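S.K.: Structure: start12.pdb, PDB, C-alpha atoms.
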```pdb
ATOM      1  CA  MET A   1       2.762 -14.234   3.250
ATOM      2  CA  ARG A   2       4.767 -14.186   6.467
ATOM      3  CA  ARG A   3       7.982 -14.012   4.472
ATOM      4  CA  ALA A   4       6.616 -11.133   2.414
ATOM      5  CA  LEU A   5       5.775  -9.470   5.709
ATOM      6  CA  ALA A   6       9.452  -9.587   6.563
ATOM      7  CA  GLY A   7      10.303  -7.898   3.275
ATOM      8  CA  GLU A   8      11.502 -10.954   1.373
ATOM      9  CA  ALA A   9      11.203 -10.005  -2.285
ATOM     10  CA  PRO A  10      10.880 -13.583  -3.632
ATOM     11  CA  ALA A  11       7.904 -14.200  -1.352
ATOM     12  CA  PHE A  12       6.148 -11.029  -2.462
ATOM     13  CA  SER A  13       7.036 -11.841  -6.067
ATOM     14  CA  GLU A  14       5.248 -15.154  -5.676
ATOM     15  CA  LEU A  15       2.133 -13.409  -4.400
ATOM     16  CA  VAL A  16       2.207 -11.033  -7.374
ATOM     17  CA  THR A  17       2.627 -13.875  -9.845
ATOM     18  CA  ARG A  18      -0.217 -15.813  -8.296
ATOM     19  CA  TYR A  19      -2.754 -13.009  -8.066
ATOM     20  CA  GLN A  20      -1.844 -10.449 -10.736
ATOM     21  CA  ARG A  21      -4.306 -11.663 -13.326
ATOM     22  CA  ALA A  22      -7.108 -12.058 -10.797
ATOM     23  CA  ALA A  23      -6.404  -8.545  -9.536
ATOM     24  CA  TYR A  24      -6.599  -7.149 -13.035
ATOM     25  CA  LEU A  25      -9.831  -9.016 -13.812
ATOM     26  CA  VAL A  26     -11.521  -7.949 -10.585
ATOM     27  CA  ALA A  27     -10.525  -4.349 -11.279
ATOM     28  CA  TYR A  28     -11.654  -4.661 -14.865
ATOM     29  CA  GLY A  29     -14.987  -6.013 -13.669
ATOM     30  CA  VAL A  30     -15.519  -2.726 -11.845
ATOM     31  CA  THR A  31     -13.894  -0.156 -14.123
ATOM     32  CA  ARG A  32     -14.314  -1.820 -17.539
ATOM     33  CA  ARG A  33     -11.274   0.083 -18.708
ATOM     34  CA  HIS A  34      -8.033  -1.667 -19.415
ATOM     35  CA  GLU A  35      -5.811   1.197 -18.286
ATOM     36  CA  ASP A  36      -7.742   1.741 -15.077
ATOM     37  CA  ALA A  37      -7.780  -1.963 -14.270
ATOM     38  CA  GLU A  38      -4.057  -2.125 -14.812
ATOM     39  CA  ASP A  39      -3.402   0.853 -12.531
ATOM     40  CA  VAL A  40      -5.765  -0.404  -9.862
ATOM     41  CA  ALA A  41      -4.226  -3.885  -9.859
ATOM     42  CA  GLN A  42      -0.727  -2.480  -9.556
ATOM     43  CA  GLU A  43      -1.678  -0.059  -6.777
ATOM     44  CA  ALA A  44      -3.575  -2.769  -4.944
ATOM     45  CA  PHE A  45      -0.421  -4.856  -4.648
ATOM     46  CA  LEU A  46       1.439  -1.929  -3.130
ATOM     47  CA  VAL A  47      -1.404  -1.150  -0.725
ATOM     48  CA  ALA A  48      -1.589  -4.815   0.243
ATOM     49  CA  LEU A  49       2.130  -4.881   0.943
ATOM     50  CA  GLU A  50       1.880  -1.789   3.148
ATOM     51  CA  ARG A  51      -1.069  -3.232   5.080
ATOM     52  CA  LEU A  52       0.009  -6.853   5.160
ATOM     53  CA  GLU A  53      -0.167  -6.913   8.968
ATOM     54  CA  GLU A  54      -3.929  -6.396   8.711
ATOM     55  CA  CYS A  55      -4.369  -9.765   7.017
ATOM     56  CA  ARG A  56      -4.444 -11.950  10.109
ATOM     57  CA  ASP A  57      -5.033 -15.251   8.365
ATOM     58  CA  PRO A  58      -2.662 -16.075   5.489
ATOM     59  CA  HIS A  59      -5.203 -18.559   4.154
ATOM     60  CA  ARG A  60      -7.605 -15.696   3.568
ATOM     61  CA  PHE A  61      -5.133 -13.532   1.700
ATOM     62  CA  ALA A  62      -6.950 -13.931  -1.621
ATOM     63  CA  GLY A  63     -10.263 -12.672  -0.249
ATOM     64  CA  TRP A  64      -8.596  -9.872   1.683
ATOM     65  CA  PHE A  65      -6.617  -8.789  -1.363
ATOM     66  CA  THR A  66      -9.638  -8.994  -3.663
ATOM     67  CA  THR A  67     -11.468  -6.613  -1.341
ATOM     68  CA  ILE A  68      -8.599  -4.131  -1.614
ATOM     69  CA  VAL A  69      -8.709  -4.337  -5.408
ATOM     70  CA  LYS A  70     -12.451  -3.790  -5.528
ATOM     71  CA  ASN A  71     -12.369  -0.872  -3.118
ATOM     72  CA  ARG A  72      -9.579   0.818  -5.071
ATOM     73  CA  ALA A  73     -11.462   0.308  -8.319
ATOM     74  CA  ARG A  74     -14.661   1.750  -6.870
ATOM     75  CA  ASN A  75     -12.781   4.716  -5.453
ATOM     76  CA  LEU A  76     -11.280   5.346  -8.852
ATOM     77  CA  LEU A  77     -14.708   5.271 -10.432
ATOM     78  CA  ARG A  78     -16.004   7.723  -7.874
ATOM     79  CA  ARG A  79     -13.070  10.026  -8.396
ATOM     80  CA  GLU A  80     -13.305  10.054 -12.129
ATOM     81  CA  HIS A  81     -17.113  10.070 -12.222
ATOM     82  CA  LEU A  82     -17.153   7.401 -14.826
ATOM     83  CA  ARG A  83     -20.572   6.552 -16.105
ATOM     84  CA  GLU A  84     -21.945   3.155 -16.992
ATOM     85  CA  GLY A  85     -21.936   2.567 -20.726
ATOM     86  CA  GLU A  86     -18.990   4.776 -21.457
ATOM     87  CA  PRO A  87     -16.929   3.600 -24.419
ATOM     88  CA  ILE A  88     -14.059   1.379 -23.448
ATOM     89  CA  PRO A  89     -10.734   2.118 -25.056
ATOM     90  CA  PHE A  90      -8.917  -1.116 -25.422
ATOM     91  CA  HIS A  91      -5.736  -0.612 -27.338
ATOM     92  CA  ALA A  92      -4.029  -3.473 -29.038
ATOM     93  CA  PRO A  93      -0.817  -4.096 -27.187
ATOM     94  CA  SER A  94       2.394  -3.364 -28.964
ATOM     95  CA  GLY A  95       4.531  -6.118 -30.341
ATOM     96  CA  MET A  96       1.771  -8.098 -32.046
ATOM     97  CA  PRO A  97       2.684  -9.394 -35.464
ATOM     98  CA  GLY A  98       0.899  -7.774 -38.350
ATOM     99  CA  PRO A  99      -1.550  -4.883 -38.460
ATOM    100  CA  GLU A 100      -4.382  -7.076 -39.759
ATOM    101  CA  ARG A 101      -4.079  -9.397 -36.850
ATOM    102  CA  ASP A 102      -3.923  -6.412 -34.526
ATOM    103  CA  ALA A 103      -7.149  -5.123 -35.994
ATOM    104  CA  GLU A 104      -8.808  -8.505 -35.692
ATOM    105  CA  ARG A 105      -7.842  -8.851 -32.067
ATOM    106  CA  ALA A 106      -8.888  -5.319 -31.302
ATOM    107  CA  GLU A 107     -12.275  -6.017 -32.834
ATOM    108  CA  LEU A 108     -12.730  -9.185 -30.829
ATOM    109  CA  ARG A 109     -11.724  -7.368 -27.707
ATOM    110  CA  GLY A 110     -14.037  -4.488 -28.474
ATOM    111  CA  ARG A 111     -17.035  -6.755 -29.008
ATOM    112  CA  LEU A 112     -16.360  -8.637 -25.811
ATOM    113  CA  SER A 113     -15.891  -5.402 -23.897
ATOM    114  CA  GLU A 114     -19.170  -4.030 -25.160
ATOM    115  CA  ALA A 115     -20.963  -7.222 -24.200
ATOM    116  CA  MET A 116     -19.315  -7.144 -20.770
ATOM    117  CA  ALA A 117     -20.655  -3.632 -20.272
ATOM    118  CA  GLU A 118     -24.166  -5.074 -20.313
ATOM    119  CA  LEU A 119     -23.496  -7.203 -17.252
ATOM    120  CA  SER A 120     -23.622  -6.101 -13.650
ATOM    121  CA  PRO A 121     -20.250  -5.527 -11.973
ATOM    122  CA  LEU A 122     -20.730  -8.677  -9.911
ATOM    123  CA  GLN A 123     -21.620 -10.762 -12.964
ATOM    124  CA  ARG A 124     -18.542  -9.435 -14.752
ATOM    125  CA  GLU A 125     -16.361 -10.241 -11.799
ATOM    126  CA  VAL A 126     -17.689 -13.778 -11.441
ATOM    127  CA  VAL A 127     -17.575 -14.692 -15.109
ATOM    128  CA  LEU A 128     -14.075 -13.254 -15.553
ATOM    129  CA  LEU A 129     -12.676 -15.002 -12.498
ATOM    130  CA  HIS A 130     -14.289 -18.304 -13.417
ATOM    131  CA  ASP A 131     -14.000 -18.469 -17.194
ATOM    132  CA  LEU A 132     -10.799 -16.505 -17.681
ATOM    133  CA  GLU A 133      -8.808 -16.847 -14.477
ATOM    134  CA  GLY A 134     -10.030 -20.362 -13.765
ATOM    135  CA  TRP A 135     -11.111 -19.943 -10.168
ATOM    136  CA  LYS A 136     -13.595 -22.539  -8.968
ATOM    137  CA  HIS A 137     -17.080 -21.694  -7.662
ATOM    138  CA  ARG A 138     -15.934 -22.479  -4.145
ATOM    139  CA  GLU A 139     -12.893 -20.243  -4.425
ATOM    140  CA  ILE A 140     -14.913 -17.346  -5.795
ATOM    141  CA  ALA A 141     -17.516 -17.820  -3.071
ATOM    142  CA  GLU A 142     -14.884 -17.788  -0.336
ATOM    143  CA  ARG A 143     -12.934 -14.881  -1.717
ATOM    144  CA  LEU A 144     -15.904 -12.693  -2.574
ATOM    145  CA  GLU A 145     -17.697 -13.776   0.594
ATOM    146  CA  MET A 146     -20.928 -14.953  -0.953
ATOM    147  CA  PRO A 147     -22.757 -18.290  -1.074
ATOM    148  CA  SER A 148     -21.598 -20.747  -3.701
ATOM    149  CA  GLY A 149     -25.120 -20.909  -5.108
ATOM    150  CA  THR A 150     -25.066 -17.164  -5.705
ATOM    151  CA  VAL A 151     -21.802 -17.516  -7.594
ATOM    152  CA  ARG A 152     -23.298 -20.214  -9.801
ATOM    153  CA  SER A 153     -26.368 -18.117 -10.420
ATOM    154  CA  HIS A 154     -24.358 -15.022 -11.402
ATOM    155  CA  LEU A 155     -22.160 -17.138 -13.637
ATOM    156  CA  HIS A 156     -25.112 -18.765 -15.333
ATOM    157  CA  PHE A 157     -26.904 -15.510 -16.084
ATOM    158  CA  ALA A 158     -23.715 -13.740 -17.114
ATOM    159  CA  ARG A 159     -22.898 -16.452 -19.615
ATOM    160  CA  ARG A 160     -26.396 -16.527 -20.993
ATOM    161  CA  ARG A 161     -26.407 -12.772 -21.420
ATOM    162  CA  LEU A 162     -23.010 -12.787 -23.097
ATOM    163  CA  ARG A 163     -24.056 -15.534 -25.486
ATOM    164  CA  ASP A 164     -27.176 -13.597 -26.388
ATOM    165  CA  LEU A 165     -25.188 -10.435 -26.984
ATOM    166  CA  LEU A 166     -22.352 -11.999 -28.912
ATOM    167  CA  GLY A 167     -24.540 -14.266 -30.983
ATOM    168  CA  SER A 168     -24.044 -17.882 -31.803
ATOM    169  CA  THR A 169     -21.944 -17.225 -34.909
ATOM    170  CA  GLN A 170     -19.155 -15.497 -33.044
ATOM    171  CA  GLU A 171     -16.420 -17.422 -31.355
ATOM    172  CA  PRO A 172     -14.587 -14.718 -29.460
ATOM    173  CA  GLY A 173     -11.112 -15.493 -28.348
ATOM    174  CA  SER A 174     -10.875 -18.899 -29.893
ATOM    175  CA  GLU A 175      -7.174 -18.499 -29.226
ATOM    176  CA  GLY A 176      -5.543 -17.506 -26.011
ATOM    177  CA  SER A 177      -8.392 -18.437 -23.728
ATOM    178  CA  LYS A 178      -7.133 -20.320 -20.726
ATOM    179  CA  PRO A 179      -9.230 -22.962 -18.990
TER
ATOM    180  CA  MET B   1     -26.093 -25.436 -13.358
ATOM    181  CA  SER B   2     -22.833 -23.930 -14.529
ATOM    182  CA  ASP B   3     -20.853 -27.130 -14.102
ATOM    183  CA  ILE B   4     -22.143 -28.515 -17.375
ATOM    184  CA  GLU B   5     -21.819 -25.251 -19.284
ATOM    185  CA  PRO B   6     -18.610 -24.723 -21.219
ATOM    186  CA  ARG B   7     -16.448 -21.781 -20.256
ATOM    187  CA  LEU B   8     -16.866 -18.727 -22.410
ATOM    188  CA  PRO B   9     -13.778 -17.959 -24.474
ATOM    189  CA  LEU B  10     -12.930 -14.625 -22.912
ATOM    190  CA  GLY B  11      -9.264 -14.742 -23.864
ATOM    191  CA  PRO B  12      -9.284 -11.408 -25.727
ATOM    192  CA  LEU B  13     -10.043  -9.645 -22.450
ATOM    193  CA  ASP B  14      -6.761 -10.887 -21.032
ATOM    194  CA  PRO B  15      -4.122  -8.210 -21.621
ATOM    195  CA  ALA B  16      -1.726 -11.007 -22.492
ATOM    196  CA  PHE B  17      -3.868 -11.879 -25.502
ATOM    197  CA  GLY B  18      -1.414 -11.462 -28.346
ATOM    198  CA  ASP B  19       1.165 -10.105 -25.924
ATOM    199  CA  PRO B  20       2.562 -13.095 -24.051
ATOM    200  CA  ARG B  21       5.048 -11.051 -22.031
ATOM    201  CA  TYR B  22       2.421  -8.654 -20.681
ATOM    202  CA  TRP B  23       2.252 -10.236 -17.212
ATOM    203  CA  GLU B  24       5.982 -10.463 -17.001
ATOM    204  CA  ARG B  25       6.224  -6.696 -17.534
ATOM    205  CA  PHE B  26       3.367  -6.079 -15.118
ATOM    206  CA  HIS B  27       5.092  -8.203 -12.506
ATOM    207  CA  ASP B  28       8.363  -6.314 -12.979
ATOM    208  CA  ARG B  29       6.605  -2.964 -12.601
ATOM    209  CA  VAL B  30       4.937  -4.041  -9.371
ATOM    210  CA  MET B  31       8.172  -5.417  -7.947
ATOM    211  CA  LYS B  32      10.042  -2.257  -8.863
ATOM    212  CA  ALA B  33       7.383  -0.090  -7.240
ATOM    213  CA  ALA B  34       7.370  -2.300  -4.155
ATOM    214  CA  GLY B  35      11.127  -2.183  -3.758
ATOM    215  CA  ALA B  36      11.152   0.644  -1.217
ATOM    216  CA  GLU B  37       8.491  -0.929   0.983
ATOM    217  CA  LEU B  38      10.196  -4.328   0.883
ATOM    218  CA  ALA B  39      13.488  -2.699   1.855
ATOM    219  CA  ARG B  40      11.783  -0.839   4.697
ATOM    220  CA  ARG B  41      10.361  -4.094   6.000
ATOM    221  CA  ARG B  42      13.708  -5.840   5.807
ATOM    222  CA  ALA B  43      15.281  -2.989   7.747
ATOM    223  CA  LEU B  44      12.748  -3.161  10.577
ATOM    224  CA  PRO B  45      14.542  -4.044  13.830
ATOM    225  CA  LEU B  46      13.628  -7.309  15.435
ATOM    226  CA  THR B  47      11.659  -6.632  18.593
ATOM    227  CA  VAL B  48      11.398  -9.077  21.464
ATOM    228  CA  SER B  49       7.635  -9.238  21.134
ATOM    229  CA  GLY B  50       7.918  -9.702  17.382
ATOM    230  CA  VAL B  51      10.327 -12.581  17.741
ATOM    231  CA  LEU B  52       8.203 -14.196  20.448
ATOM    232  CA  LEU B  53       5.108 -13.758  18.314
ATOM    233  CA  SER B  54       6.746 -15.346  15.298
ATOM    234  CA  TRP B  55       8.042 -18.204  17.444
ATOM    235  CA  SER B  56       4.706 -18.699  19.123
ATOM    236  CA  ARG B  57       3.050 -19.219  15.771
ATOM    237  CA  LEU B  58       5.196 -22.295  15.292
ATOM    238  CA  LEU B  59       5.625 -23.359  18.891
ATOM    239  CA  VAL B  60       2.026 -23.337  20.056
ATOM    240  CA  PRO B  61       0.705 -25.873  17.511
ATOM    241  CA  GLY B  62       3.880 -27.932  17.959
ATOM    242  CA  ALA B  63       3.552 -27.984  21.727
ATOM    243  CA  ALA B  64      -0.111 -28.902  21.491
ATOM    244  CA  ALA B  65       0.671 -31.801  19.167
ATOM    245  CA  ALA B  66       3.505 -32.960  21.442
ATOM    246  CA  ALA B  67       1.194 -32.842  24.454
ATOM    247  CA  VAL B  68      -1.376 -34.984  22.686
ATOM    248  CA  VAL B  69       1.255 -37.549  21.685
ATOM    249  CA  ALA B  70       2.742 -37.573  25.187
ATOM    250  CA  GLY B  71      -0.715 -38.004  26.671
ATOM    251  CA  LEU B  72      -1.369 -41.015  24.482
ATOM    252  CA  PHE B  73       1.930 -42.621  25.510
ATOM    253  CA  LEU B  74       1.521 -41.917  29.211
ATOM    254  CA  ASN B  75      -2.087 -42.957  29.342
ATOM    255  CA  PRO B  76      -2.522 -45.731  26.755
ATOM    256  CA  ARG B  77      -5.758 -46.986  28.306
ATOM    257  CA  VAL B  78      -7.401 -43.598  28.200
ATOM    258  CA  ASP B  79     -10.198 -44.836  25.998
ATOM    259  CA  GLN B  80     -11.092 -47.755  28.219
ATOM    260  CA  GLU B  81     -14.066 -47.294  30.451
ATOM    261  CA  ASP B  82     -12.887 -49.185  33.512
ATOM    262  CA  PHE B  83     -10.125 -47.469  35.438
ATOM    263  CA  THR B  84     -10.681 -49.575  38.541
ATOM    264  CA  PRO B  85      -7.434 -51.244  39.569
ATOM    265  CA  LEU B  86      -7.576 -55.006  39.618
ATOM    266  CA  PHE B  87      -5.978 -57.108  42.318
ATOM    267  CA  ALA B  88      -5.386 -60.790  42.525
ATOM    268  CA  VAL B  89      -6.520 -62.621  45.612
ATOM    269  CA  GLU B  90      -2.896 -63.468  46.391
ATOM    270  CA  ASP B  91      -1.996 -59.800  46.444
ATOM    271  CA  ILE B  92      -4.621 -59.132  49.023
ATOM    272  CA  LEU B  93      -3.750 -62.191  51.064
ATOM    273  CA  ARG B  94      -0.062 -61.394  50.990
ATOM    274  CA  GLN B  95      -0.972 -57.824  51.938
ATOM    275  CA  GLU B  96       0.952 -56.531  48.942
ATOM    276  CA  ALA B  97      -2.065 -54.447  48.127
ATOM    277  CA  THR B  98      -2.612 -51.976  50.909
ATOM    278  CA  MET B  99      -5.935 -50.542  51.966
ATOM    279  CA  ALA B 100      -5.001 -47.351  50.205
ATOM    280  CA  ASP B 101      -4.687 -49.330  47.006
ATOM    281  CA  LEU B 102      -7.967 -51.072  47.544
ATOM    282  CA  ALA B 103      -9.945 -47.995  48.492
ATOM    283  CA  PRO B 104     -10.622 -46.933  44.884
ATOM    284  CA  VAL B 105     -11.981 -50.385  44.169
ATOM    285  CA  PHE B 106     -14.582 -50.018  46.828
ATOM    286  CA  LEU B 107     -15.283 -46.410  46.011
ATOM    287  CA  ALA B 108     -15.405 -46.942  42.272
ATOM    288  CA  SER B 109     -19.120 -47.300  42.262
ATOM    289  CA  GLU B 110     -21.699 -46.634  44.865
ATOM    290  CA  THR B 111     -23.722 -49.466  43.503
ATOM    291  CA  ALA B 112     -20.875 -51.925  43.415
ATOM    292  CA  THR B 113     -21.453 -54.937  45.606
ATOM    293  CA  ASP B 114     -19.015 -57.255  47.274
ATOM    294  CA  ASP B 115     -19.905 -59.902  44.689
ATOM    295  CA  MET B 116     -18.906 -57.613  41.868
ATOM    296  CA  PHE B 117     -15.608 -56.924  43.597
ATOM    297  CA  ALA B 118     -15.003 -60.654  43.984
ATOM    298  CA  ILE B 119     -15.793 -61.256  40.308
ATOM    299  CA  SER B 120     -13.409 -58.490  39.387
ATOM    300  CA  VAL B 121     -10.653 -60.033  41.459
ATOM    301  CA  GLU B 122     -11.230 -63.597  40.294
ATOM    302  CA  TRP B 123     -11.556 -62.650  36.630
ATOM    303  CA  PHE B 124      -8.098 -61.136  36.477
ATOM    304  CA  PRO B 125      -5.950 -63.481  34.296
ATOM    305  CA  ALA B 126      -3.163 -65.210  36.189
ATOM    306  CA  ALA B 127      -0.533 -64.364  33.612
ATOM    307  CA  GLU B 128      -1.219 -60.639  33.947
ATOM    308  CA  ARG B 129      -1.508 -60.368  37.680
ATOM    309  CA  PRO B 130       0.473 -57.457  38.920
ATOM    310  CA  GLY B 131       3.119 -58.346  41.424
ATOM    311  CA  VAL B 132       2.832 -62.116  40.893
ATOM    312  CA  ARG B 133       6.264 -63.524  41.032
ATOM    313  CA  PRO B 134       7.063 -66.539  38.883
TER
END
```
Any chance you could give the structure as structure tokens?
M.R.:
Amino acid sequence: MRRALAGEAPAFSELVTRYQRAAYLVAYGVTRRHEDAEDVAQEAFLVALERLEECRDPHRFAGWFTTIVKNRARNLLRREHLREGEPIPFHAPSGMPGPERDAERAELRGRLSEAMAELSPLQREVVLLHDLEGWKHREIAERLEMPSGTVRSHLHFARRRLRDLLGSTQEPGSEGSKP
Amino acid sequence: MSDIEPRLPLGPLDPAFGDPRYWERFHDRVMKAAGAELARRRALPLTVSGVLLSWSRLLVPGAAAAAVVAGLFLNPRVDQEDFTPLFAVEDILRQEATMADLAPVFLASETATDDMFAISVEWFPAAERPGVRP
């Protein structure tokens, strides 16, 4: 972080590589829109770079940065007056082989997105960071500044709710899910 | 609670699902957008206070560690309870130990008696007596 502070591009590049997915997922947990989450995550990196002096402790960068992402996402929601339950456009990315596979992935994504909409923003954030980004309970607790037990509780109820909503027959994302 | 539960397969919510180069492109966009700010930071002149601050971040912990190590070397018996200097009878008789040297022995404890001082002197092993010439 100190090297990024001095404007060293490789150092900042490393920070981006390490936290880009987490930034997107945290933003997605708030906005529930792919495009918004993408914009918020990108802007958050630029804001973080401009304000890097404000992060006194390099060891707490993740928590500090996560707060920036969340605040930007909430501001975006306020600006755009997005309402809970609004449909989530999740376009299949270009370059995927075959229209049938595109459709299948889009359907999976759509079902997951709809189920995610039923969770609270905090539950979304916790379950995405844990089950998709692979952060540990302790890391989530530190970075979101909440007790570890609260993280476990949110994760437990989020998973249970998602399983109820998605049903036992569906296996969403049986490919591409990272541990 | 959640430790025994399997992770939910949320892969489709990752933008890289079916688009493996998504994060690479995202990364490139961020780096391109950050180019101006990174250049501005590189161009910032080095101030005296800035240099001292950056040095102090490394020097202060280093100096503290060095002080601890030096303290251990200079004072190897720091963890022993008894700091009272010991004198052999010969030292006293030969007057190699002056009264100034002996004063701490007598002042070491208000409750110390002459007997305790004598025991302390007599107990001192011959081989380790300070100032005993072979």
S.K.: If you apply the ChimeraX specification (/A :<6) & /B to this file, what residues do you get, as a ChimeraX atom specification?
M.R.: /B:2,7-13,17-18,30,38,41-42
S.K.: What gap, in Å, lies between atom CA of A:Pro147 and atom CA of A:Glu53?
M.R.: 27.2 Å
S.K.: Tell me, in Å to one decimal, how far atom CA of A:Pro99 is from atom CA of B:Glu24.
M.R.: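 For atom CA of A:Pro99 relative to atom CA of B:Glu24, the distance reads 23.4 Å.
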S.K.: Produce the centre coordinates and the three edge lengths, each in Å to one decimal, of the box along x, y and z that contains all listed atoms of stretch 50-67 of chain A with 5 Å added on each side, as JSON.
M.R.:
```
{"center_x": -4.8, "center_y": -10.2, "center_z": 3.2, "size_x": 23.3, "size_y": 26.8, "size_z": 23.8}
```
S.K.: Tell me, in Å to one decimal, how far atom CA of B:Trp23 is from atom CA of A:Ser120.
M.R.: 26.4 Å
S.K.: Check the smallest atom-to-atom distance from each of A:Arg138, A:Arg143, A:Arg3, A:Arg56 to A:Ala23 using all atoms listed in the file, then report the winner.
M.R.: A:Arg143
S.K.: Could you state which residues are captured by the PyMOL selection byres ((chain A and resi 59-68) around 10) in this file, as an NGL selection string?
M.R.: :A and (1 or 15 or 18-19 or 22-23 or 26-27 or 40-41 or 43-45 or 47-49 or 52 or 54-58 or 69-74 or 139-145)
S.K.: Measuring atom to atom with only C-alpha atoms, identify which of A:Leu166, A:Leu76, A:Met146, A:Arg124 is nearest to A:Glu35.
M.R.: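 Ranked by minimum distance to A:Glu35, first place goes to A:Leu76.
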